[in-house]
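This is entry-v4.pdb (PDB, C-alpha atoms).
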ATOM      1  CA  MET A  15       0.000   0.000   0.000  1.00  0.00           C
ATOM      2  CA  THR A  16       1.089   3.594  -0.479  1.00  0.00           C
ATOM      3  CA  ASP A  17       1.639   6.452   1.973  1.00  0.00           C
ATOM      4  CA  ARG A  18      -1.633   7.877   0.725  1.00  0.00           C
ATOM      5  CA  ASP A  19      -3.410   4.777   1.972  1.00  0.00           C
ATOM      6  CA  SER A  20      -2.033   5.199   5.503  1.00  0.00           C
ATOM      7  CA  ASP A  21      -2.740   8.943   5.353  1.00  0.00           C
ATOM      8  CA  GLU A  22      -6.334   8.228   4.364  1.00  0.00           C
ATOM      9  CA  LEU A  23      -6.678   5.730   7.213  1.00  0.00           C
ATOM     10  CA  MET A  24      -5.400   8.347   9.657  1.00  0.00           C
ATOM     11  CA  ARG A  25      -7.780  11.027   8.336  1.00  0.00           C
ATOM     12  CA  THR A  26     -10.737   8.652   8.467  1.00  0.00           C
ATOM     13  CA  ALA A  27      -9.843   7.410  11.943  1.00  0.00           C
ATOM     14  CA  TRP A  28      -9.516  10.956  13.256  1.00  0.00           C
ATOM     15  CA  ALA A  29     -12.911  11.889  11.810  1.00  0.00           C
ATOM     16  CA  THR A  30     -14.375   8.746  13.382  1.00  0.00           C
ATOM     17  CA  ARG A  31     -12.860   9.692  16.743  1.00  0.00           C
ATOM     18  CA  ARG A  32     -14.357  13.187  16.509  1.00  0.00           C
ATOM     19  CA  ALA A  33     -17.762  11.674  15.676  1.00  0.00           C
ATOM     20  CA  SER A  34     -17.540   9.707  18.929  1.00  0.00           C
ATOM     21  CA  PHE A  35     -17.561  12.889  21.037  1.00  0.00           C
ATOM     22  CA  GLY A  36     -21.324  13.394  20.899  1.00  0.00           C
ATOM     23  CA  ALA A  37     -22.363   9.766  20.475  1.00  0.00           C
ATOM     24  CA  SER A  38     -24.243   7.524  22.891  1.00  0.00           C
ATOM     25  CA  PRO A  39     -21.954   5.371  25.070  1.00  0.00           C
ATOM     26  CA  GLU A  40     -22.522   2.242  22.980  1.00  0.00           C
ATOM     27  CA  ARG A  41     -22.013   4.080  19.670  1.00  0.00           C
ATOM     28  CA  ARG A  42     -18.988   5.872  21.121  1.00  0.00           C
ATOM     29  CA  ASP A  43     -17.345   2.535  21.940  1.00  0.00           C
ATOM     30  CA  GLU A  44     -18.025   1.256  18.404  1.00  0.00           C
ATOM     31  CA  LEU A  45     -16.581   4.386  16.804  1.00  0.00           C
ATOM     32  CA  LEU A  46     -13.474   4.374  18.978  1.00  0.00           C
ATOM     33  CA  ALA A  47     -12.894   0.665  18.287  1.00  0.00           C
ATOM     34  CA  LYS A  48     -13.102   1.386  14.545  1.00  0.00           C
ATOM     35  CA  ALA A  49     -10.714   4.343  14.839  1.00  0.00           C
ATOM     36  CA  ARG A  50      -8.316   2.189  16.859  1.00  0.00           C
ATOM     37  CA  GLU A  51      -8.397  -0.571  14.236  1.00  0.00           C
ATOM     38  CA  ASP A  52      -7.714   1.892  11.392  1.00  0.00           C
ATOM     39  CA  LEU A  53      -4.837   3.512  13.276  1.00  0.00           C
ATOM     40  CA  LEU A  54      -3.231   0.174  14.118  1.00  0.00           C
ATOM     41  CA  THR A  55      -3.405  -0.669  10.414  1.00  0.00           C
ATOM     42  CA  ALA A  56      -1.968   2.720   9.455  1.00  0.00           C
ATOM     43  CA  ALA A  57       0.902   2.355  11.937  1.00  0.00           C
ATOM     44  CA  SER A  58       1.662  -1.112  10.592  1.00  0.00           C
ATOM     45  CA  GLN A  59       1.616   0.150   7.001  1.00  0.00           C
ATOM     46  CA  CYS A  60       3.935   3.020   7.870  1.00  0.00           C
ATOM     47  CA  ARG A  61       6.382   0.574   9.456  1.00  0.00           C
ATOM     48  CA  ALA A  62       6.302  -1.636   6.342  1.00  0.00           C
ATOM     49  CA  GLU A  63       6.811   1.435   4.113  1.00  0.00           C
ATOM     50  CA  ASN A  64       9.694   2.685   6.306  1.00  0.00           C
ATOM     51  CA  SER A  65       7.877   5.991   6.933  1.00  0.00           C
ATOM     52  CA  PRO A  66       8.933   6.840  10.494  1.00  0.00           C
ATOM     53  CA  VAL A  67       7.378  10.313  10.708  1.00  0.00           C
ATOM     54  CA  ALA A  68       4.042   9.017   9.411  1.00  0.00           C
ATOM     55  CA  ARG A  69       4.279   6.075  11.854  1.00  0.00           C
ATOM     56  CA  ALA A  70       4.921   8.498  14.722  1.00  0.00           C
ATOM     57  CA  GLN A  71       1.799  10.435  13.713  1.00  0.00           C
ATOM     58  CA  ALA A  72      -0.309   7.265  13.512  1.00  0.00           C
ATOM     59  CA  LEU A  73       0.889   6.264  16.997  1.00  0.00           C
ATOM     60  CA  HIS A  74       0.123   9.761  18.314  1.00  0.00           C
ATOM     61  CA  LEU A  75      -3.437   9.568  16.981  1.00  0.00           C
ATOM     62  CA  LEU A  76      -3.757   6.034  18.337  1.00  0.00           C
ATOM     63  CA  ALA A  77      -2.630   7.230  21.780  1.00  0.00           C
ATOM     64  CA  ASN A  78      -5.435   9.807  21.760  1.00  0.00           C
ATOM     65  CA  VAL A  79      -7.961   7.094  20.931  1.00  0.00           C
ATOM     66  CA  GLU A  80      -6.583   4.776  23.633  1.00  0.00           C
ATOM     67  CA  HIS A  81      -6.900   7.640  26.124  1.00  0.00           C
ATOM     68  CA  ASP A  82     -10.520   8.171  25.016  1.00  0.00           C
ATOM     69  CA  MET A  83     -11.061   4.444  25.653  1.00  0.00           C
ATOM     70  CA  HIS A  84      -9.642   4.897  29.190  1.00  0.00           C
ATOM     71  CA  ASP A  85      -6.561   2.771  28.502  1.00  0.00           C
ATOM     72  CA  ASP A  86      -4.002   5.287  29.718  1.00  0.00           C
ATOM     73  CA  GLU A  87      -1.128   2.808  29.930  1.00  0.00           C
ATOM     74  CA  GLN A  88      -1.573   1.836  26.278  1.00  0.00           C
ATOM     75  CA  ALA A  89      -1.827   5.529  25.381  1.00  0.00           C
ATOM     76  CA  ARG A  90       1.401   6.164  27.260  1.00  0.00           C
ATOM     77  CA  ALA A  91       3.164   3.348  25.405  1.00  0.00           C
ATOM     78  CA  HIS A  92       2.056   4.738  22.032  1.00  0.00           C
ATOM     79  CA  TRP A  93       3.139   8.292  22.884  1.00  0.00           C
ATOM     80  CA  GLU A  94       6.495   7.062  24.157  1.00  0.00           C
ATOM     81  CA  GLU A  95       7.055   5.081  20.951  1.00  0.00           C
ATOM     82  CA  SER A  96       6.011   8.049  18.823  1.00  0.00           C
ATOM     83  CA  ILE A  97       8.454  10.284  20.705  1.00  0.00           C
ATOM     84  CA  ALA A  98      11.276   7.753  20.395  1.00  0.00           C
ATOM     85  CA  ILE A  99      10.733   7.610  16.633  1.00  0.00           C
ATOM     86  CA  LEU A 100      10.725  11.399  16.283  1.00  0.00           C
ATOM     87  CA  ARG A 101      13.947  11.764  18.276  1.00  0.00           C
ATOM     88  CA  GLY A 102      15.640  10.129  15.286  1.00  0.00           C
ATOM     89  CA  THR A 103      14.300  12.725  12.827  1.00  0.00           C
ATOM     90  CA  ASP A 104      14.568  16.466  12.291  1.00  0.00           C
ATOM     91  CA  GLU A 105      10.832  16.955  13.005  1.00  0.00           C
ATOM     92  CA  VAL A 106      11.450  19.017  16.155  1.00  0.00           C
ATOM     93  CA  LEU A 107       8.034  20.691  16.344  1.00  0.00           C
ATOM     94  CA  GLN A 108       6.226  17.372  15.905  1.00  0.00           C
ATOM     95  CA  LEU A 109       8.414  16.010  18.696  1.00  0.00           C
ATOM     96  CA  ALA A 110       7.486  18.964  20.916  1.00  0.00           C
ATOM     97  CA  HIS A 111       3.782  18.385  20.206  1.00  0.00           C
ATOM     98  CA  LYS A 112       3.941  14.687  21.102  1.00  0.00           C
ATOM     99  CA  VAL A 113       6.020  15.331  24.248  1.00  0.00           C
ATOM    100  CA  ARG A 114       3.421  17.897  25.348  1.00  0.00           C
ATOM    101  CA  HIS A 115       0.651  15.331  24.856  1.00  0.00           C
ATOM    102  CA  LEU A 116       2.551  12.792  26.947  1.00  0.00           C
ATOM    103  CA  GLY A 117       2.806  15.519  29.601  1.00  0.00           C
ATOM    104  CA  ASP A 118      -0.965  15.969  29.403  1.00  0.00           C
ATOM    105  CA  LEU A 119      -1.428  12.246  30.032  1.00  0.00           C
ATOM    106  CA  HIS A 120       0.933  12.335  33.011  1.00  0.00           C
ATOM    107  CA  ARG A 121      -0.940  15.355  34.417  1.00  0.00           C
ATOM    108  CA  HIS A 122      -4.279  13.572  33.894  1.00  0.00           C
ATOM    109  CA  CYS A 123      -2.893  10.557  35.785  1.00  0.00           C
ATOM    110  CA  ARG A 124      -1.530  12.857  38.522  1.00  0.00           C
ATOM    111  CA  ARG A 125       2.090  12.003  37.758  1.00  0.00           C
ATOM    112  CA  LEU A 126       3.021  15.647  38.184  1.00  0.00           C
ATOM    113  CA  PRO A 127       6.838  15.415  38.157  1.00  0.00           C
ATOM    114  CA  GLU A 128       6.676  13.419  34.910  1.00  0.00           C
ATOM    115  CA  ALA A 129       4.253  15.966  33.452  1.00  0.00           C
ATOM    116  CA  ALA A 130       6.589  18.817  34.431  1.00  0.00           C
ATOM    117  CA  ALA A 131       9.561  17.110  32.754  1.00  0.00           C
ATOM    118  CA  CYS A 132       7.580  16.644  29.526  1.00  0.00           C
ATOM    119  CA  TYR A 133       6.316  20.219  29.548  1.00  0.00           C
ATOM    120  CA  ASP A 134       9.813  21.575  30.230  1.00  0.00           C
ATOM    121  CA  GLU A 135      11.161  19.676  27.230  1.00  0.00           C
ATOM    122  CA  ALA A 136       8.289  20.709  24.959  1.00  0.00           C
ATOM    123  CA  ILE A 137       8.577  24.382  25.946  1.00  0.00           C
ATOM    124  CA  ALA A 138      12.351  24.343  25.383  1.00  0.00           C
ATOM    125  CA  LEU A 139      11.814  22.911  21.898  1.00  0.00           C
ATOM    126  CA  TYR A 140       9.119  25.470  21.081  1.00  0.00           C
ATOM    127  CA  ARG A 141      11.245  28.363  22.353  1.00  0.00           C
ATOM    128  CA  GLU A 142      14.169  27.279  20.200  1.00  0.00           C
ATOM    129  CA  HIS A 143      12.348  26.260  17.027  1.00  0.00           C
ATOM    130  CA  ASP A 144       8.852  27.792  16.835  1.00  0.00           C
ATOM    131  CA  ARG A 145       7.461  31.256  16.162  1.00  0.00           C
ATOM    132  CA  PRO A 146       5.521  33.459  18.612  1.00  0.00           C
ATOM    133  CA  GLY A 147       2.335  33.153  16.533  1.00  0.00           C
ATOM    134  CA  SER A 148       2.164  29.378  16.968  1.00  0.00           C
ATOM    135  CA  LEU A 149      -1.021  27.984  18.497  1.00  0.00           C
ATOM    136  CA  ASP A 150       0.855  24.831  19.554  1.00  0.00           C
ATOM    137  CA  PHE A 151       3.332  26.957  21.517  1.00  0.00           C
ATOM    138  CA  ALA A 152       0.462  28.842  23.210  1.00  0.00           C
ATOM    139  CA  ASN A 153      -1.279  25.564  24.071  1.00  0.00           C
ATOM    140  CA  ALA A 154       1.936  24.167  25.564  1.00  0.00           C
ATOM    141  CA  VAL A 155       2.417  27.228  27.800  1.00  0.00           C
ATOM    142  CA  ARG A 156      -1.247  26.939  28.862  1.00  0.00           C
ATOM    143  CA  ARG A 157      -0.538  23.362  30.014  1.00  0.00           C
ATOM    144  CA  VAL A 158       2.456  24.602  32.025  1.00  0.00           C
ATOM    145  CA  ALA A 159       0.209  27.205  33.672  1.00  0.00           C
ATOM    146  CA  LEU A 160      -2.383  24.559  34.570  1.00  0.00           C
ATOM    147  CA  LEU A 161       0.286  22.268  36.005  1.00  0.00           C
ATOM    148  CA  ARG A 162       1.902  25.007  38.077  1.00  0.00           C
ATOM    149  CA  GLU A 163      -1.495  25.960  39.413  1.00  0.00           C
ATOM    150  CA  GLN A 164      -2.245  22.304  40.204  1.00  0.00           C
ATOM    151  CA  MET A 165       1.087  22.100  42.060  1.00  0.00           C
ATOM    152  CA  GLY A 166       0.238  25.210  44.100  1.00  0.00           C
ATOM    153  CA  ASP A 167       2.978  27.403  42.594  1.00  0.00           C
ATOM    154  CA  ARG A 168       0.911  30.582  42.266  1.00  0.00           C
ATOM    155  CA  GLU A 169       3.710  32.938  41.211  1.00  0.00           C
ATOM    156  CA  SER A 170       4.942  30.669  38.411  1.00  0.00           C
ATOM    157  CA  ALA A 171       1.350  29.943  37.385  1.00  0.00           C
ATOM    158  CA  VAL A 172       0.625  33.670  37.023  1.00  0.00           C
ATOM    159  CA  ALA A 173       3.748  34.139  34.877  1.00  0.00           C
ATOM    160  CA  ALA A 174       2.792  31.181  32.679  1.00  0.00           C
ATOM    161  CA  TRP A 175      -0.823  32.369  32.309  1.00  0.00           C
ATOM    162  CA  GLU A 176       0.403  35.842  31.330  1.00  0.00           C
ATOM    163  CA  GLU A 177       2.735  34.330  28.739  1.00  0.00           C
ATOM    164  CA  ALA A 178      -0.028  32.044  27.435  1.00  0.00           C
ATOM    165  CA  GLY A 179      -2.379  35.029  27.023  1.00  0.00           C
ATOM    166  CA  GLY A 180       0.268  36.893  25.028  1.00  0.00           C
ATOM    167  CA  LEU A 181       0.948  33.859  22.862  1.00  0.00           C
ATOM    168  CA  TYR A 182      -2.769  33.397  22.171  1.00  0.00           C
ATOM    169  CA  ARG A 183      -2.970  37.054  21.114  1.00  0.00           C
ATOM    170  CA  ALA A 184       0.025  36.570  18.796  1.00  0.00           C
ATOM    171  CA  ALA A 185      -1.453  33.360  17.370  1.00  0.00           C
ATOM    172  CA  GLU A 186      -4.772  35.135  16.773  1.00  0.00           C
ATOM    173  CA  ALA A 187      -3.017  37.986  14.960  1.00  0.00           C
ATOM    174  CA  ALA A 188      -0.914  35.581  12.881  1.00  0.00           C
ATOM    175  CA  SER A 189      -3.777  33.297  11.868  1.00  0.00           C
ATOM    176  CA  GLY A 190      -6.827  35.546  11.855  1.00  0.00           C
ATOM    177  CA  THR A 191      -8.564  32.849  13.929  1.00  0.00           C
ATOM    178  CA  ASP A 192     -10.615  33.895  16.942  1.00  0.00           C
ATOM    179  CA  LEU A 193      -8.615  32.745  19.957  1.00  0.00           C
ATOM    180  CA  SER A 194     -10.294  35.076  22.433  1.00  0.00           C
ATOM    181  CA  ALA A 195     -11.314  32.089  24.577  1.00  0.00           C
ATOM    182  CA  GLY A 196      -7.639  31.362  25.264  1.00  0.00           C
ATOM    183  CA  VAL A 197      -6.904  35.016  26.034  1.00  0.00           C
ATOM    184  CA  GLU A 198      -9.948  35.301  28.326  1.00  0.00           C
ATOM    185  CA  GLU A 199      -9.117  32.053  30.138  1.00  0.00           C
ATOM    186  CA  SER A 200      -5.591  33.341  30.785  1.00  0.00           C
ATOM    187  CA  GLU A 201      -6.902  36.667  32.111  1.00  0.00           C
ATOM    188  CA  ARG A 202      -9.415  34.908  34.409  1.00  0.00           C
ATOM    189  CA  HIS A 203      -6.727  32.706  35.911  1.00  0.00           C
ATOM    190  CA  VAL A 204      -4.345  35.644  36.422  1.00  0.00           C
ATOM    191  CA  ALA A 205      -7.086  37.684  38.110  1.00  0.00           C
ATOM    192  CA  ARG A 206      -8.094  34.790  40.362  1.00  0.00           C
ATOM    193  CA  LEU A 207      -4.531  33.900  41.314  1.00  0.00           C
ATOM    194  CA  ARG A 208      -3.689  37.513  42.091  1.00  0.00           C
ATOM    195  CA  GLY A 209      -7.115  37.917  43.769  1.00  0.00           C
TER     196      GLY A 209
END

Give the structure from the file, written as structure tokens.
Amino acid sequence: MTDRDSDELMRTAWATRRASFGASPERRDELLAKAREDLLTAASQCRAENSPVARAQALHLLANVEHDMHDDEQARAHWEESIAILRGTDEVLQLAHKVRHLGDLHRHCRRLPEAAACYDEAIALYREHDRPGSLDFANAVRRVALLREQMGDRESAVAAWEEAGGLYRAAEAASGTDLSAGVEESERHVARLRG
């Protein structure tokens, strides 16, 4: 099969996952199982085609589906494999994105030191390689703010929320997309923490 075939599987699986968001519990399970099956096939195809970056993306999408299915250990394994693959490429921003997602999983599972290590790495990669108008960079700083708040570090949380708000403004200006929700969330958190 060709790369296009695995790309199509990934697109279809992602659309199937999104369709699961508003579905009944039974239908949701069916949709997620179908997305999982397609992504496993896509990852296998990418391995056979020696397409490591595409395989890393398939594993990243699969990790999201596994998380939706409440299998956080399987999600973790897929994100860790995706990250390991990307470390051998020059796809630094994709690496940062996947590391941030692994941090999100650690934070969700209350493994806060592991989450902090992931976020620190992702932020360092974004600072070195990304542009200020990047939505991914803004989202990563938002996660840092949430983690610092969760850890009770008010001063660092305020600084991170202020940075996130500025990055959302820059991303909005660069893309023309309405990101006021991100700006407003940042302002609310700053006001509450300074309260």

List, as a compact mmCIF listing (two decimals) with C-alpha atoms, keeping the file's coordinate frame, every residue that the PyMOL selection byres ((chain A and resi 71) around 9) selects in the file provided.
# COMPACT_ATOMS: atom_id res chain seq x y z
CA MET A 24 -5.40 8.35 9.66
CA ALA A 57 0.90 2.36 11.94
CA PRO A 66 8.93 6.84 10.49
CA VAL A 67 7.38 10.31 10.71
CA ALA A 68 4.04 9.02 9.41
CA ARG A 69 4.28 6.08 11.85
CA ALA A 70 4.92 8.50 14.72
CA ALA A 72 -0.31 7.26 13.51
CA LEU A 73 0.89 6.26 17.00
CA HIS A 74 0.12 9.76 18.31
CA LEU A 75 -3.44 9.57 16.98
CA LEU A 76 -3.76 6.03 18.34
CA SER A 96 6.01 8.05 18.82
CA GLN A 108 6.23 17.37 15.90
CA LYS A 112 3.94 14.69 21.10

Per residue of region 59-93 of chain A within 10 Å of region 118-130 of chain A, note the shortest atom pair and the distance in Å to one decimal, counting all atoms listed in the file, and order the rows by chain and increasing residue number, as JSON lines.
{"residue": "A:Ala77", "atom": "CA", "partner": "A:Leu119", "partner_atom": "CA", "distance": 9.7}
{"residue": "A:Asn78", "atom": "CA", "partner": "A:Leu119", "partner_atom": "CA", "distance": 9.5}
{"residue": "A:His81", "atom": "CA", "partner": "A:Leu119", "partner_atom": "CA", "distance": 8.2}
{"residue": "A:Asp86", "atom": "CA", "partner": "A:Leu119", "partner_atom": "CA", "distance": 7.4}
{"residue": "A:Glu87", "atom": "CA", "partner": "A:Leu119", "partner_atom": "CA", "distance": 9.4}
{"residue": "A:Ala89", "atom": "CA", "partner": "A:Leu119", "partner_atom": "CA", "distance": 8.2}
{"residue": "A:Arg90", "atom": "CA", "partner": "A:Leu119", "partner_atom": "CA", "distance": 7.3}
{"residue": "A:Trp93", "atom": "CA", "partner": "A:Leu119", "partner_atom": "CA", "distance": 9.4}

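The point (2.0, 39.3, 26.6) has these residues within 12 Å of it when all atoms listed in the file are used: Pro146, Gly147, Ala152, Val172, Ala173, Ala174, Trp175, Glu176, Glu177, Ala178, Gly179, Gly180, Leu181, Tyr182, Arg183, Ala184, Ala185, Val197, Ser200 and Glu201 of chain A.
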
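In terms of minimum interatomic distance to Ala205 (chain A), A:Arg168 ranks closest within A:Arg168, A:Leu45, A:Ala138, A:Gln59, counting all atoms listed in the file.
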
Show me, as a short mmCIF file (atom, residue, chain, number, x, y, z; two decimals) with C-alpha atoms, in the frame of the given file, the residues that have an atom within 9 Å of Ile137 (chain A) when counting all atoms listed in the file, minus same-chain residues fewer than 3 positions from it.
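result-v7.cif, freshly written:
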data_model
loop_
_atom_site.label_atom_id
_atom_site.label_comp_id
_atom_site.auth_asym_id
_atom_site.auth_seq_id
_atom_site.Cartn_x
_atom_site.Cartn_y
_atom_site.Cartn_z
CA ALA A 110 7.49 18.96 20.92
CA ARG A 114 3.42 17.90 25.35
CA CYS A 132 7.58 16.64 29.53
CA TYR A 133 6.32 20.22 29.55
CA ASP A 134 9.81 21.58 30.23
CA TYR A 140 9.12 25.47 21.08
CA ARG A 141 11.24 28.36 22.35
CA GLU A 142 14.17 27.28 20.20
CA PHE A 151 3.33 26.96 21.52
CA ALA A 154 1.94 24.17 25.56
CA VAL A 155 2.42 27.23 27.80
CA VAL A 158 2.46 24.60 32.02
#

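Interatomic distance, CA of Gln88 (chain A) against CA of Asp150 (chain A): 24.1 Å.
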
Can I get region 75-108 of chain A with N, CA and C atoms filled in, as a tab-separated table (two decimals), keeping the file's coordinate frame?
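selection_10.tsv, written as the output of this step:
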chain	number	residue	atom	x	y	z
A	75	LEU	N	-1.98	9.60	17.10
A	75	LEU	CA	-3.44	9.57	16.98
A	75	LEU	C	-4.01	8.37	17.74
A	76	LEU	N	-3.33	7.23	17.63
A	76	LEU	CA	-3.76	6.03	18.34
A	76	LEU	C	-3.73	6.25	19.85
A	77	ALA	N	-2.71	6.94	20.34
A	77	ALA	CA	-2.63	7.23	21.78
A	77	ALA	C	-3.83	8.05	22.23
A	78	ASN	N	-4.24	9.02	21.42
A	78	ASN	CA	-5.44	9.81	21.76
A	78	ASN	C	-6.67	8.92	21.86
A	79	VAL	N	-6.81	8.00	20.92
A	79	VAL	CA	-7.96	7.09	20.93
A	79	VAL	C	-7.91	6.18	22.15
A	80	GLU	N	-6.73	5.64	22.45
A	80	GLU	CA	-6.58	4.78	23.63
A	80	GLU	C	-6.95	5.55	24.90
A	81	HIS	N	-6.55	6.81	24.97
A	81	HIS	CA	-6.90	7.64	26.12
A	81	HIS	C	-8.42	7.81	26.20
A	82	ASP	N	-9.05	8.06	25.05
A	82	ASP	CA	-10.52	8.17	25.02
A	82	ASP	C	-11.19	6.89	25.50
A	83	MET	N	-10.52	5.74	25.26
A	83	MET	CA	-11.06	4.44	25.65
A	83	MET	C	-10.66	4.09	27.09
A	84	HIS	N	-10.04	5.04	27.79
A	84	HIS	CA	-9.64	4.90	29.19
A	84	HIS	C	-8.54	3.86	29.40
A	85	ASP	N	-7.72	3.65	28.37
A	85	ASP	CA	-6.56	2.77	28.50
A	85	ASP	C	-5.31	3.65	28.50
A	86	ASP	N	-5.08	4.30	29.64
A	86	ASP	CA	-4.00	5.29	29.72
A	86	ASP	C	-2.61	4.67	29.62
A	87	GLU	N	-2.45	3.43	30.06
A	87	GLU	CA	-1.13	2.81	29.93
A	87	GLU	C	-0.81	2.50	28.48
A	88	GLN	N	-1.80	2.07	27.71
A	88	GLN	CA	-1.57	1.84	26.28
A	88	GLN	C	-1.32	3.17	25.58
A	89	ALA	N	-2.06	4.20	25.96
A	89	ALA	CA	-1.83	5.53	25.38
A	89	ALA	C	-0.40	5.98	25.66
A	90	ARG	N	0.03	5.78	26.89
A	90	ARG	CA	1.40	6.16	27.26
A	90	ARG	C	2.42	5.43	26.40
A	91	ALA	N	2.23	4.13	26.22
A	91	ALA	CA	3.16	3.35	25.40
A	91	ALA	C	3.23	3.87	23.98
A	92	HIS	N	2.07	4.22	23.41
A	92	HIS	CA	2.06	4.74	22.03
A	92	HIS	C	2.73	6.11	21.95
A	93	TRP	N	2.48	6.99	22.92
A	93	TRP	CA	3.14	8.29	22.88
A	93	TRP	C	4.64	8.14	23.06
A	94	GLU	N	5.06	7.26	23.96
A	94	GLU	CA	6.50	7.06	24.16
A	94	GLU	C	7.16	6.51	22.90
A	95	GLU	N	6.49	5.61	22.20
A	95	GLU	CA	7.06	5.08	20.95
A	95	GLU	C	7.10	6.17	19.88
A	96	SER	N	6.04	6.95	19.79
A	96	SER	CA	6.01	8.05	18.82
A	96	SER	C	7.16	9.02	19.07
A	97	ILE	N	7.38	9.36	20.33
A	97	ILE	CA	8.45	10.28	20.70
A	97	ILE	C	9.82	9.68	20.38
A	98	ALA	N	10.00	8.41	20.68
A	98	ALA	CA	11.28	7.75	20.40
A	98	ALA	C	11.57	7.78	18.90
A	99	ILE	N	10.56	7.56	18.09
A	99	ILE	CA	10.73	7.61	16.63
A	99	ILE	C	11.15	9.01	16.21
A	100	LEU	N	10.46	10.03	16.71
A	100	LEU	CA	10.72	11.40	16.28
A	100	LEU	C	12.08	11.91	16.75
A	101	ARG	N	12.61	11.36	17.82
A	101	ARG	CA	13.95	11.76	18.28
A	101	ARG	C	15.01	11.43	17.23
A	102	GLY	N	14.71	10.50	16.35
A	102	GLY	CA	15.64	10.13	15.29
A	102	GLY	C	15.41	10.88	13.99
A	103	THR	N	14.60	11.93	14.03
A	103	THR	CA	14.30	12.72	12.83
A	103	THR	C	14.61	14.19	13.10
A	104	ASP	N	14.41	15.02	12.08
A	104	ASP	CA	14.57	16.47	12.29
A	104	ASP	C	13.22	17.16	12.48
A	105	GLU	N	12.19	16.42	12.81
A	105	GLU	CA	10.83	16.95	13.00
A	105	GLU	C	10.67	17.44	14.45
A	106	VAL	N	11.36	18.53	14.77
A	106	VAL	CA	11.45	19.02	16.16
A	106	VAL	C	10.09	19.48	16.68
A	107	LEU	N	9.32	20.19	15.86
A	107	LEU	CA	8.03	20.69	16.34
A	107	LEU	C	7.02	19.56	16.52
A	108	GLN	N	7.09	18.54	15.67
A	108	GLN	CA	6.23	17.37	15.90
A	108	GLN	C	6.62	16.68	17.20
